[in-house]
Structures are given as C-alpha cells and as structure tokens.
file final.cif (mmCIF, C-alpha atoms)
data_run
#
loop_
_atom_site.group_PDB
_atom_site.id
_atom_site.type_symbol
_atom_site.label_atom_id
_atom_site.label_comp_id
_atom_site.auth_asym_id
_atom_site.auth_seq_id
_atom_site.Cartn_x
_atom_site.Cartn_y
_atom_site.Cartn_z
ATOM 1 C CA MET A 27 143.320 109.677 85.548
ATOM 2 C CA ILE A 28 146.975 109.200 84.698
ATOM 3 C CA ASN A 29 148.049 106.586 82.128
ATOM 4 C CA GLY A 30 144.661 104.875 82.405
ATOM 5 C CA LEU A 31 144.875 104.537 86.210
ATOM 6 C CA ASN A 32 142.449 106.179 88.586
ATOM 7 C CA THR A 33 144.269 108.434 91.005
ATOM 8 C CA TYR A 34 142.961 109.878 94.236
ATOM 9 C CA PRO A 35 144.490 112.445 96.576
ATOM 10 C CA MET A 36 146.431 110.810 99.392
ATOM 11 C CA GLY A 37 145.576 111.311 103.060
ATOM 12 C CA ASN A 38 147.691 113.440 105.377
ATOM 13 C CA ALA A 39 147.753 110.951 108.273
ATOM 14 C CA TYR A 40 150.891 109.369 109.728
ATOM 15 C CA GLY A 41 151.649 105.678 110.202
ATOM 16 C CA PRO A 42 149.731 102.937 108.348
ATOM 17 C CA GLU A 43 147.053 105.420 107.221
ATOM 18 C CA ALA A 44 149.617 107.749 105.588
ATOM 19 C CA ASN A 45 149.313 106.484 102.010
ATOM 20 C CA LYS A 46 145.652 105.516 102.062
ATOM 21 C CA PRO A 47 143.776 107.253 99.212
ATOM 22 C CA ILE A 48 140.959 109.631 100.123
ATOM 23 C CA LEU A 49 137.815 108.215 98.496
ATOM 24 C CA ASN A 50 135.526 111.211 98.981
ATOM 25 C CA TYR A 51 137.744 114.227 98.414
ATOM 26 C CA GLY A 52 136.787 117.373 100.320
ATOM 27 C CA GLU A 53 135.110 115.456 103.156
ATOM 28 C CA SER A 54 136.159 115.343 106.785
ATOM 29 C CA THR A 55 138.909 112.852 107.638
ATOM 30 C CA GLU A 56 137.719 112.697 111.262
ATOM 31 C CA VAL A 57 136.076 109.436 112.332
ATOM 32 C CA ASN A 58 132.870 110.128 114.263
ATOM 33 C CA PRO A 59 132.401 108.164 117.506
ATOM 34 C CA GLY A 60 130.698 104.803 116.931
ATOM 35 C CA HIS A 61 131.551 104.626 113.219
ATOM 36 C CA ARG A 62 134.129 102.617 111.274
ATOM 37 C CA SER A 63 135.441 105.335 108.975
ATOM 38 C CA SER A 64 135.496 109.041 108.261
ATOM 39 C CA PRO A 65 133.300 110.569 105.539
ATOM 40 C CA ALA A 66 136.457 111.015 103.422
ATOM 41 C CA ASP A 67 137.287 107.289 103.609
ATOM 42 C CA CYS A 68 133.726 105.907 103.396
ATOM 43 C CA GLU A 69 133.528 103.109 100.863
ATOM 44 C CA THR A 70 129.729 102.801 101.343
ATOM 45 C CA CYS A 71 129.052 106.449 100.388
ATOM 46 C CA ARG A 72 131.389 106.177 97.422
ATOM 47 C CA ASN A 73 129.604 103.092 96.067
ATOM 48 C CA ARG A 74 125.966 104.070 96.788
ATOM 49 C CA LYS A 75 123.840 103.990 93.624
ATOM 50 C CA TYR A 76 120.339 105.226 92.855
ATOM 51 C CA GLN A 77 117.915 103.609 90.393
ATOM 52 C CA ASP A 78 114.282 104.342 89.503
ATOM 53 C CA GLY A 79 111.894 101.411 89.759
ATOM 54 C CA SER A 80 108.872 102.920 88.006
ATOM 55 C CA ASP A 81 107.623 102.207 84.490
ATOM 56 C CA GLU A 82 107.909 105.878 83.452
ATOM 57 C CA MET A 83 110.602 107.340 81.234
ATOM 58 C CA VAL A 84 112.604 109.395 83.737
ATOM 59 C CA SER A 85 116.220 109.734 84.850
ATOM 60 C CA PHE A 86 118.019 107.009 86.825
ATOM 61 C CA LYS A 87 116.618 104.086 84.820
ATOM 62 C CA SER A 88 120.107 102.630 85.101
ATOM 63 C CA ALA A 89 121.920 102.795 88.432
ATOM 64 C CA ALA A 90 124.007 105.929 88.984
ATOM 65 C CA HIS A 91 126.054 107.357 91.854
ATOM 66 C CA ILE A 92 125.050 110.595 93.580
ATOM 67 C CA SER A 93 127.212 112.153 96.253
ATOM 68 C CA PRO A 94 125.568 112.523 99.684
ATOM 69 C CA GLU A 95 125.819 116.331 99.399
ATOM 70 C CA ALA A 96 123.949 116.370 96.088
ATOM 71 C CA SER A 97 121.448 113.612 96.893
ATOM 72 C CA ALA A 98 118.644 115.909 98.130
ATOM 73 C CA SER A 99 118.580 118.153 95.072
ATOM 74 C CA ARG A 100 119.114 115.352 92.537
ATOM 75 C CA VAL A 101 116.450 113.070 94.040
ATOM 76 C CA MET A 102 113.963 115.964 94.309
ATOM 77 C CA ALA A 103 114.603 116.895 90.659
ATOM 78 C CA HIS A 104 114.014 113.262 89.691
ATOM 79 C CA GLU A 105 110.745 113.111 91.629
ATOM 80 C CA GLN A 106 109.624 116.359 89.953
ATOM 81 C CA GLU A 107 110.004 114.529 86.621
ATOM 82 C CA HIS A 108 107.274 112.150 87.830
ATOM 83 C CA VAL A 109 105.063 115.132 88.755
ATOM 84 C CA ALA A 110 105.600 116.695 85.312
ATOM 85 C CA ASN A 111 104.724 113.350 83.686
ATOM 86 C CA ALA A 112 101.448 113.253 85.655
ATOM 87 C CA TYR A 113 100.463 116.711 84.395
ATOM 88 C CA SER A 114 101.390 115.720 80.844
ATOM 89 C CA LYS A 115 99.414 112.466 81.058
ATOM 90 C CA ALA A 116 96.363 114.288 82.460
ATOM 91 C CA ALA A 117 96.494 116.907 79.704
ATOM 92 C CA GLN A 118 96.782 114.281 76.959
ATOM 93 C CA LYS A 119 93.857 112.211 78.220
ATOM 94 C CA GLY A 120 91.501 115.026 79.234
ATOM 95 C CA GLY A 121 92.043 114.700 82.959
ATOM 96 C CA GLN A 122 92.958 117.017 85.790
ATOM 97 C CA VAL A 123 95.686 116.584 88.416
ATOM 98 C CA ILE A 124 93.899 116.777 91.750
ATOM 99 C CA SER A 125 97.009 116.412 93.898
ATOM 100 C CA ALA A 126 100.727 115.773 93.535
ATOM 101 C CA GLY A 127 103.131 115.297 96.405
ATOM 102 C CA VAL A 128 106.755 114.291 96.835
ATOM 103 C CA THR A 129 108.276 112.634 99.895
ATOM 104 C CA LEU A 130 112.040 112.358 100.306
ATOM 105 C CA LYS A 131 113.401 109.520 102.439
ATOM 106 C CA THR A 132 116.624 109.985 104.385
ATOM 107 C CA GLY A 133 119.168 107.513 105.647
ATOM 108 C CA VAL A 134 122.268 107.438 107.812
ATOM 109 C CA CYS A 135 125.367 105.721 106.475
ATOM 110 C CA PRO A 136 126.274 102.829 108.789
ATOM 111 C CA GLU A 137 129.973 103.192 108.001
ATOM 112 C CA CYS A 138 130.614 106.931 108.494
ATOM 113 C CA GLY A 139 127.386 108.277 110.030
ATOM 114 C CA ARG A 140 126.701 110.821 107.306
ATOM 115 C CA THR A 141 123.031 111.676 106.602
ATOM 116 C CA TYR A 142 121.890 111.498 102.978
ATOM 117 C CA VAL A 143 118.666 111.337 100.945
ATOM 118 C CA ALA A 144 118.084 107.653 100.310
ATOM 119 C CA GLY A 145 115.235 107.975 97.806
ATOM 120 C CA GLY A 146 111.884 109.516 97.126
ATOM 121 C CA GLU A 147 108.271 108.796 96.379
ATOM 122 C CA THR A 148 105.812 110.726 94.235
ATOM 123 C CA ARG A 149 102.068 110.381 94.691
ATOM 124 C CA THR A 150 99.710 111.873 92.146
ATOM 125 C CA GLN A 151 95.962 111.746 91.789
ATOM 126 C CA ILE A 152 94.390 112.410 88.401
ATOM 127 C CA LYS A 153 90.653 112.818 87.830
ATOM 128 C CA TYR A 154 89.325 111.804 84.427
ATOM 129 C CA TYR A 155 85.920 112.847 83.129
ATOM 130 C CA ASN A 156 83.910 110.247 81.240
ATOM 131 C CA GLU A 157 81.252 112.170 79.309
ATOM 132 C CA GLU A 158 79.764 108.918 77.957
ATOM 133 C CA ASN A 159 78.891 107.682 81.439
ATOM 134 C CA PRO A 160 75.209 108.440 82.225
ATOM 135 C CA TYR A 161 76.061 109.100 85.875
ATOM 136 C CA GLN A 162 78.676 111.674 84.824
ATOM 137 C CA GLN A 163 76.119 113.336 82.525
ATOM 138 C CA GLY A 164 73.596 113.500 85.363
ATOM 139 C CA LYS A 165 76.223 114.959 87.698
ATOM 140 C CA LYS A 166 77.095 117.594 85.091
ATOM 141 C CA ILE A 167 73.435 118.634 84.789
ATOM 142 C CA ALA A 168 73.023 118.729 88.586
ATOM 143 C CA ASP A 169 76.216 120.771 89.019
ATOM 144 C CA SER A 170 75.172 123.277 86.360
ATOM 145 C CA ALA A 171 71.846 123.839 88.161
ATOM 146 C CA GLU A 172 73.588 124.228 91.531
ATOM 147 C CA TYR A 173 76.160 126.757 90.338
ATOM 148 C CA ARG A 174 73.885 128.768 87.995
ATOM 149 C CA GLY A 175 73.990 132.404 89.067
ATOM 150 C CA ALA A 176 76.730 131.806 91.665
ATOM 151 C CA ASN A 177 79.088 134.207 89.887
ATOM 152 C CA VAL A 178 77.368 137.446 89.063
ATOM 153 C CA ASP A 179 79.115 140.626 87.985
ATOM 154 C CA PHE A 180 77.016 143.629 89.067
ATOM 155 C CA ALA A 181 79.447 146.202 87.669
ATOM 156 C CA GLY A 182 78.073 147.341 84.442
#
call {"tool": "encode", "arguments": {"input": "final.cif", "output": "structure tokens"}}
result
Amino acid sequence: MINGLNTYPMGNAYGPEANKPILNYGESTEVNPGHRSSPADCETCRNRKYQDGSDEMVSFKSAAHISPEASASRVMAHEQEHVANAYSKAAQKGGQVISAGVTLKTGVCPECGRTYVAGGETRTQIKYYNEENPYQQGKKIADSAEYRGANVDFAG
C-alpha cells in the first residue's frame, strides 16, 4: 500500500493487457482453453469468501478470503475445530464420541478453471448414557453378566 492506495504488480503482457494489474500474484498468467481469464487475473478467485453456517463458536463466523492454494489446509483445520468441539461437548456431558468424520468439497472456478476446496462438512455421533433410565439400568446389568470373566489374566 502506497499513500493509502492498494498497489498490485503489473503484468508483463504487451498491448492493451500491458498495464493490467495482476490480481493473484505468483499465479500463472496463461489462460487455459475454455476459460475467460488466467489464474493470475481471476477476479472470482480473488473475491471468494468462506463463512461458517453452524451455531458453534469456531473460525470463519464472519466471511473471510482464503487463497485457492491454502483452501484445503484452512478448511480442514476449521472442520477439525468442529471435531474438537464434539469431543469437548461429550466430555462435559458424560458422553462418548462414537464417530467423527470430515468431508471436504471441491469446486472448479468458472472463470479460470482452477480447482479449490469449496467447503467442508463435519459429522459427529455422540452417545450419552442416561443412568436414570430403567432400560439403561437393565442393559447395564445384562452387559455386566455377559462380559463377566471375559478378561482373565492367568499370569500370576
């Protein structure tokens, strides 16, 4: 930033493209067949924002930009926050995390053709034990009878 103005490196093309600023510095200036712009000049990739839609306290509650190169690692780290929250919630309420899985969703930029991680989804399953429930008490008694003597240490 110079004197309050955003500055970008200028392209090295000739003709009308000569003084066009490079929006995504370090990217290829070559336009892939069937696309409108190069990854370096892609306005869509430059303006893409990510925002979390869950009711948990995690990152990306307000929209933020992530570069296409960093999208996989940043989105995965964000989804791992949801997994950590599930383990914390289970521990606080006397439950057990049965399963936790993360799925990353990819996309292809319509303007430049670059592949990026478009978002993610975390699925967790927590099992809570209700000791006051008579059915749970009966199951506990039945399980204790079934597993009694299952683990025996003969080394003495």
call {"tool": "closest_residue", "arguments": {"input": "final.cif", "among": "A:Pro94, A:Gly139, A:Gly164, A:Gly146", "to": "Arg72 in chain A", "atoms": "all atoms listed in the file"}}
result
A:Pro94
call {"tool": "closest_residue", "arguments": {"input": "final.cif", "among": "A:Gln151, A:Asn58, A:Asn111, A:Thr141", "to": "Met83 in chain A", "atoms": "all atoms listed in the file"}}
result
A:Asn111
call {"tool": "residues_around", "arguments": {"input": "final.cif", "residues": "Ile92 in chain A", "least_positions_apart": "4", "cutoff": "10 Å", "atoms": "all atoms listed in the file", "output": "PyMOL selection string"}}
result
chain A and resi 71-76+96-98+100-101+142-143
call {"tool": "write_last_selection", "arguments": {"input": "final.cif", "atoms": "C-alpha atoms", "output": "PDB file, keeping the file's coordinate frame"}}
result
ATOM      1  CA  CYS A  71     129.052 106.449 100.388  1.00  0.00           C
ATOM      2  CA  ARG A  72     131.389 106.177  97.422  1.00  0.00           C
ATOM      3  CA  ASN A  73     129.604 103.092  96.067  1.00  0.00           C
ATOM      4  CA  ARG A  74     125.966 104.070  96.788  1.00  0.00           C
ATOM      5  CA  LYS A  75     123.840 103.990  93.624  1.00  0.00           C
ATOM      6  CA  TYR A  76     120.339 105.226  92.855  1.00  0.00           C
ATOM      7  CA  ALA A  96     123.949 116.370  96.088  1.00  0.00           C
ATOM      8  CA  SER A  97     121.448 113.612  96.893  1.00  0.00           C
ATOM      9  CA  ALA A  98     118.644 115.909  98.130  1.00  0.00           C
ATOM     10  CA  ARG A 100     119.114 115.352  92.537  1.00  0.00           C
ATOM     11  CA  VAL A 101     116.450 113.070  94.040  1.00  0.00           C
ATOM     12  CA  TYR A 142     121.890 111.498 102.978  1.00  0.00           C
ATOM     13  CA  VAL A 143     118.666 111.337 100.945  1.00  0.00           C
TER      14      VAL A 143
END
call {"tool": "residues_around", "arguments": {"input": "final.cif", "residues": "Ala144 in chain A", "least_positions_apart": "2", "cutoff": "6 Å", "atoms": "only C-alpha atoms", "output": "list of chain:residue names"}}
result
A:Lys131, A:Thr132, A:Gly133
call {"tool": "atom_distance", "arguments": {"input": "final.cif", "atom1": "CA of Ser54 in chain A", "atom2": "CA of Glu95 in chain A"}}
result
12.7 Å
call {"tool": "residues_around", "arguments": {"input": "final.cif", "residues": "Arg62 in chain A", "least_positions_apart": "3", "cutoff": "10 Å", "atoms": "all atoms listed in the file", "output": "tab-separated table (two decimals) with C-alpha atoms, keeping the file's coordinate frame"}}
result
chain	number	residue	atom	x	y	z
A	57	VAL	CA	136.08	109.44	112.33
A	58	ASN	CA	132.87	110.13	114.26
A	59	PRO	CA	132.40	108.16	117.51
A	65	PRO	CA	133.30	110.57	105.54
A	67	ASP	CA	137.29	107.29	103.61
A	68	CYS	CA	133.73	105.91	103.40
A	136	PRO	CA	126.27	102.83	108.79
A	137	GLU	CA	129.97	103.19	108.00
A	138	CYS	CA	130.61	106.93	108.49
A	139	GLY	CA	127.39	108.28	110.03
call {"tool": "resolve_selection", "arguments": {"input": "final.cif", "expression": "the PyMOL selection byres ((chain A and resi 55) around 6)", "output": "PyMOL selection string"}}
result
chain A and resi 54+56+64+66
call {"tool": "resolve_selection", "arguments": {"input": "final.cif", "expression": "the PyMOL selection byres ((chain A and resi 120) around 12)", "output": "list in words"}}
result
Ala112, Tyr113, Ser114, Lys115, Ala116, Ala117, Gln118, Lys119, Gly121, Gln122, Val123, Ile152, Lys153, Tyr154, Tyr155, Asn156 and Glu157 of chain A
call {"tool": "atom_distance", "arguments": {"input": "final.cif", "atom1": "CA of Thr129 in chain A", "atom2": "CA of Thr148 in chain A"}}
result
6.5 Å
call {"tool": "atom_distance", "arguments": {"input": "final.cif", "atom1": "CA of Pro160 in chain A", "atom2": "CA of Ala126 in chain A"}}
result
28.9 Å
call {"tool": "residues_around", "arguments": {"input": "final.cif", "residues": "Gly79 in chain A", "least_positions_apart": "6", "cutoff": "10 Å", "atoms": "only C-alpha atoms", "output": "tab-separated table (two decimals) with C-alpha atoms, in the frame of the given file"}}
result
chain	number	residue	atom	x	y	z
A	86	PHE	CA	118.02	107.01	86.82
A	87	LYS	CA	116.62	104.09	84.82
A	88	SER	CA	120.11	102.63	85.10
call {"tool": "closest_residue", "arguments": {"input": "final.cif", "among": "A:Ser85, A:Thr70, A:Gln163, A:Ser80", "to": "Glu107 in chain A", "atoms": "only C-alpha atoms"}}
result
A:Ser85
call {"tool": "axis_aligned_box", "arguments": {"input": "final.cif", "around": "range 90-95 of chain A", "padding_each_side": "4 Å", "output": "lines of an AutoDock Vina configuration file"}}
result
center_x = 125.6
center_y = 111.1
center_z = 94.3
size_x = 11.2
size_y = 18.4
size_z = 18.7
call {"tool": "decode", "arguments": {"input": "final.cif", "residues": "range 131-166 of chain A", "atoms": "N, CA and C atoms", "output": "PDB file, in the first residue's frame"}}
result
ATOM      1  N   LYS A 131     -15.291 -30.532   0.269  1.00  0.00           N
ATOM      2  CA  LYS A 131     -15.969 -30.404  -1.021  1.00  0.00           C
ATOM      3  C   LYS A 131     -15.121 -29.508  -1.924  1.00  0.00           C
ATOM      4  N   THR A 132     -14.901 -29.969  -3.144  1.00  0.00           N
ATOM      5  CA  THR A 132     -14.079 -29.202  -4.082  1.00  0.00           C
ATOM      6  C   THR A 132     -14.955 -28.522  -5.117  1.00  0.00           C
ATOM      7  N   GLY A 133     -14.358 -27.538  -5.763  1.00  0.00           N
ATOM      8  CA  GLY A 133     -15.029 -26.821  -6.839  1.00  0.00           C
ATOM      9  C   GLY A 133     -14.019 -26.434  -7.894  1.00  0.00           C
ATOM     10  N   VAL A 134     -14.522 -26.049  -9.055  1.00  0.00           N
ATOM     11  CA  VAL A 134     -13.680 -25.570 -10.143  1.00  0.00           C
ATOM     12  C   VAL A 134     -14.143 -24.161 -10.476  1.00  0.00           C
ATOM     13  N   CYS A 135     -13.220 -23.227 -10.472  1.00  0.00           N
ATOM     14  CA  CYS A 135     -13.550 -21.835 -10.749  1.00  0.00           C
ATOM     15  C   CYS A 135     -14.039 -21.705 -12.198  1.00  0.00           C
ATOM     16  N   PRO A 136     -15.214 -21.120 -12.403  1.00  0.00           N
ATOM     17  CA  PRO A 136     -15.739 -20.992 -13.755  1.00  0.00           C
ATOM     18  C   PRO A 136     -14.964 -19.975 -14.605  1.00  0.00           C
ATOM     19  N   GLU A 137     -14.260 -19.072 -13.948  1.00  0.00           N
ATOM     20  CA  GLU A 137     -13.542 -18.035 -14.686  1.00  0.00           C
ATOM     21  C   GLU A 137     -12.170 -18.491 -15.158  1.00  0.00           C
ATOM     22  N   CYS A 138     -11.393 -19.161 -14.271  1.00  0.00           N
ATOM     23  CA  CYS A 138     -10.014 -19.513 -14.644  1.00  0.00           C
ATOM     24  C   CYS A 138      -9.766 -21.023 -14.686  1.00  0.00           C
ATOM     25  N   GLY A 139     -10.689 -21.825 -14.174  1.00  0.00           N
ATOM     26  CA  GLY A 139     -10.540 -23.274 -14.229  1.00  0.00           C
ATOM     27  C   GLY A 139      -9.711 -23.883 -13.121  1.00  0.00           C
ATOM     28  N   ARG A 140      -9.337 -23.085 -12.141  1.00  0.00           N
ATOM     29  CA  ARG A 140      -8.519 -23.591 -11.038  1.00  0.00           C
ATOM     30  C   ARG A 140      -9.387 -24.404 -10.074  1.00  0.00           C
ATOM     31  N   THR A 141      -8.858 -25.509  -9.558  1.00  0.00           N
ATOM     32  CA  THR A 141      -9.561 -26.341  -8.580  1.00  0.00           C
ATOM     33  C   THR A 141      -9.240 -25.820  -7.184  1.00  0.00           C
ATOM     34  N   TYR A 142     -10.246 -25.795  -6.314  1.00  0.00           N
ATOM     35  CA  TYR A 142     -10.072 -25.305  -4.956  1.00  0.00           C
ATOM     36  C   TYR A 142     -11.017 -26.070  -4.033  1.00  0.00           C
ATOM     37  N   VAL A 143     -10.778 -26.009  -2.732  1.00  0.00           N
ATOM     38  CA  VAL A 143     -11.694 -26.604  -1.758  1.00  0.00           C
ATOM     39  C   VAL A 143     -12.782 -25.577  -1.487  1.00  0.00           C
ATOM     40  N   ALA A 144     -14.017 -25.961  -1.784  1.00  0.00           N
ATOM     41  CA  ALA A 144     -15.137 -25.037  -1.693  1.00  0.00           C
ATOM     42  C   ALA A 144     -15.773 -25.001  -0.304  1.00  0.00           C
ATOM     43  N   GLY A 145     -15.538 -26.008   0.509  1.00  0.00           N
ATOM     44  CA  GLY A 145     -16.129 -26.046   1.842  1.00  0.00           C
ATOM     45  C   GLY A 145     -15.941 -27.421   2.454  1.00  0.00           C
ATOM     46  N   GLY A 146     -16.554 -27.605   3.592  1.00  0.00           N
ATOM     47  CA  GLY A 146     -16.419 -28.887   4.273  1.00  0.00           C
ATOM     48  C   GLY A 146     -17.625 -29.176   5.131  1.00  0.00           C
ATOM     49  N   GLU A 147     -17.703 -30.422   5.556  1.00  0.00           N
ATOM     50  CA  GLU A 147     -18.793 -30.856   6.421  1.00  0.00           C
ATOM     51  C   GLU A 147     -18.234 -31.819   7.457  1.00  0.00           C
ATOM     52  N   THR A 148     -18.633 -31.611   8.705  1.00  0.00           N
ATOM     53  CA  THR A 148     -18.219 -32.490   9.792  1.00  0.00           C
ATOM     54  C   THR A 148     -19.452 -33.210  10.317  1.00  0.00           C
ATOM     55  N   ARG A 149     -19.325 -34.526  10.466  1.00  0.00           N
ATOM     56  CA  ARG A 149     -20.403 -35.323  11.035  1.00  0.00           C
ATOM     57  C   ARG A 149     -19.862 -36.025  12.271  1.00  0.00           C
ATOM     58  N   THR A 150     -20.543 -35.818  13.380  1.00  0.00           N
ATOM     59  CA  THR A 150     -20.135 -36.484  14.619  1.00  0.00           C
ATOM     60  C   THR A 150     -21.331 -37.196  15.217  1.00  0.00           C
ATOM     61  N   GLN A 151     -21.048 -38.267  15.912  1.00  0.00           N
ATOM     62  CA  GLN A 151     -22.086 -39.017  16.612  1.00  0.00           C
ATOM     63  C   GLN A 151     -21.617 -39.198  18.050  1.00  0.00           C
ATOM     64  N   ILE A 152     -22.432 -38.723  18.981  1.00  0.00           N
ATOM     65  CA  ILE A 152     -22.095 -38.800  20.399  1.00  0.00           C
ATOM     66  C   ILE A 152     -23.136 -39.670  21.095  1.00  0.00           C
ATOM     67  N   LYS A 153     -22.665 -40.596  21.919  1.00  0.00           N
ATOM     68  CA  LYS A 153     -23.565 -41.463  22.681  1.00  0.00           C
ATOM     69  C   LYS A 153     -23.558 -40.982  24.121  1.00  0.00           C
ATOM     70  N   TYR A 154     -24.763 -40.713  24.636  1.00  0.00           N
ATOM     71  CA  TYR A 154     -24.905 -40.292  26.028  1.00  0.00           C
ATOM     72  C   TYR A 154     -25.545 -41.421  26.822  1.00  0.00           C
ATOM     73  N   TYR A 155     -25.077 -41.610  28.034  1.00  0.00           N
ATOM     74  CA  TYR A 155     -25.618 -42.639  28.918  1.00  0.00           C
ATOM     75  C   TYR A 155     -26.567 -41.983  29.904  1.00  0.00           C
ATOM     76  N   ASN A 156     -27.766 -42.509  30.010  1.00  0.00           N
ATOM     77  CA  ASN A 156     -28.758 -42.000  30.941  1.00  0.00           C
ATOM     78  C   ASN A 156     -28.952 -43.056  32.031  1.00  0.00           C
ATOM     79  N   GLU A 157     -28.260 -42.896  33.127  1.00  0.00           N
ATOM     80  CA  GLU A 157     -28.302 -43.883  34.219  1.00  0.00           C
ATOM     81  C   GLU A 157     -29.662 -43.906  34.921  1.00  0.00           C
ATOM     82  N   GLU A 158     -30.464 -42.878  34.760  1.00  0.00           N
ATOM     83  CA  GLU A 158     -31.779 -42.826  35.406  1.00  0.00           C
ATOM     84  C   GLU A 158     -32.814 -43.646  34.631  1.00  0.00           C
ATOM     85  N   ASN A 159     -32.562 -43.891  33.380  1.00  0.00           N
ATOM     86  CA  ASN A 159     -33.484 -44.634  32.536  1.00  0.00           C
ATOM     87  C   ASN A 159     -33.493 -46.111  32.951  1.00  0.00           C
ATOM     88  N   PRO A 160     -34.660 -46.689  33.261  1.00  0.00           N
ATOM     89  CA  PRO A 160     -34.701 -48.090  33.689  1.00  0.00           C
ATOM     90  C   PRO A 160     -34.205 -49.052  32.607  1.00  0.00           C
ATOM     91  N   TYR A 161     -34.414 -48.722  31.351  1.00  0.00           N
ATOM     92  CA  TYR A 161     -33.918 -49.573  30.272  1.00  0.00           C
ATOM     93  C   TYR A 161     -32.393 -49.567  30.235  1.00  0.00           C
ATOM     94  N   GLN A 162     -31.791 -48.398  30.477  1.00  0.00           N
ATOM     95  CA  GLN A 162     -30.329 -48.295  30.515  1.00  0.00           C
ATOM     96  C   GLN A 162     -29.781 -49.084  31.702  1.00  0.00           C
ATOM     97  N   GLN A 163     -30.470 -49.037  32.848  1.00  0.00           N
ATOM     98  CA  GLN A 163     -30.026 -49.801  34.010  1.00  0.00           C
ATOM     99  C   GLN A 163     -30.101 -51.298  33.733  1.00  0.00           C
ATOM    100  N   GLY A 164     -31.165 -51.742  33.088  1.00  0.00           N
ATOM    101  CA  GLY A 164     -31.301 -53.148  32.736  1.00  0.00           C
ATOM    102  C   GLY A 164     -30.225 -53.578  31.748  1.00  0.00           C
ATOM    103  N   LYS A 165     -29.913 -52.722  30.790  1.00  0.00           N
ATOM    104  CA  LYS A 165     -28.868 -53.032  29.813  1.00  0.00           C
ATOM    105  C   LYS A 165     -27.509 -53.137  30.504  1.00  0.00           C
ATOM    106  N   LYS A 166     -27.273 -52.275  31.476  1.00  0.00           N
ATOM    107  CA  LYS A 166     -26.002 -52.298  32.210  1.00  0.00           C
ATOM    108  C   LYS A 166     -25.865 -53.612  32.975  1.00  0.00           C
TER     109      LYS A 166
END
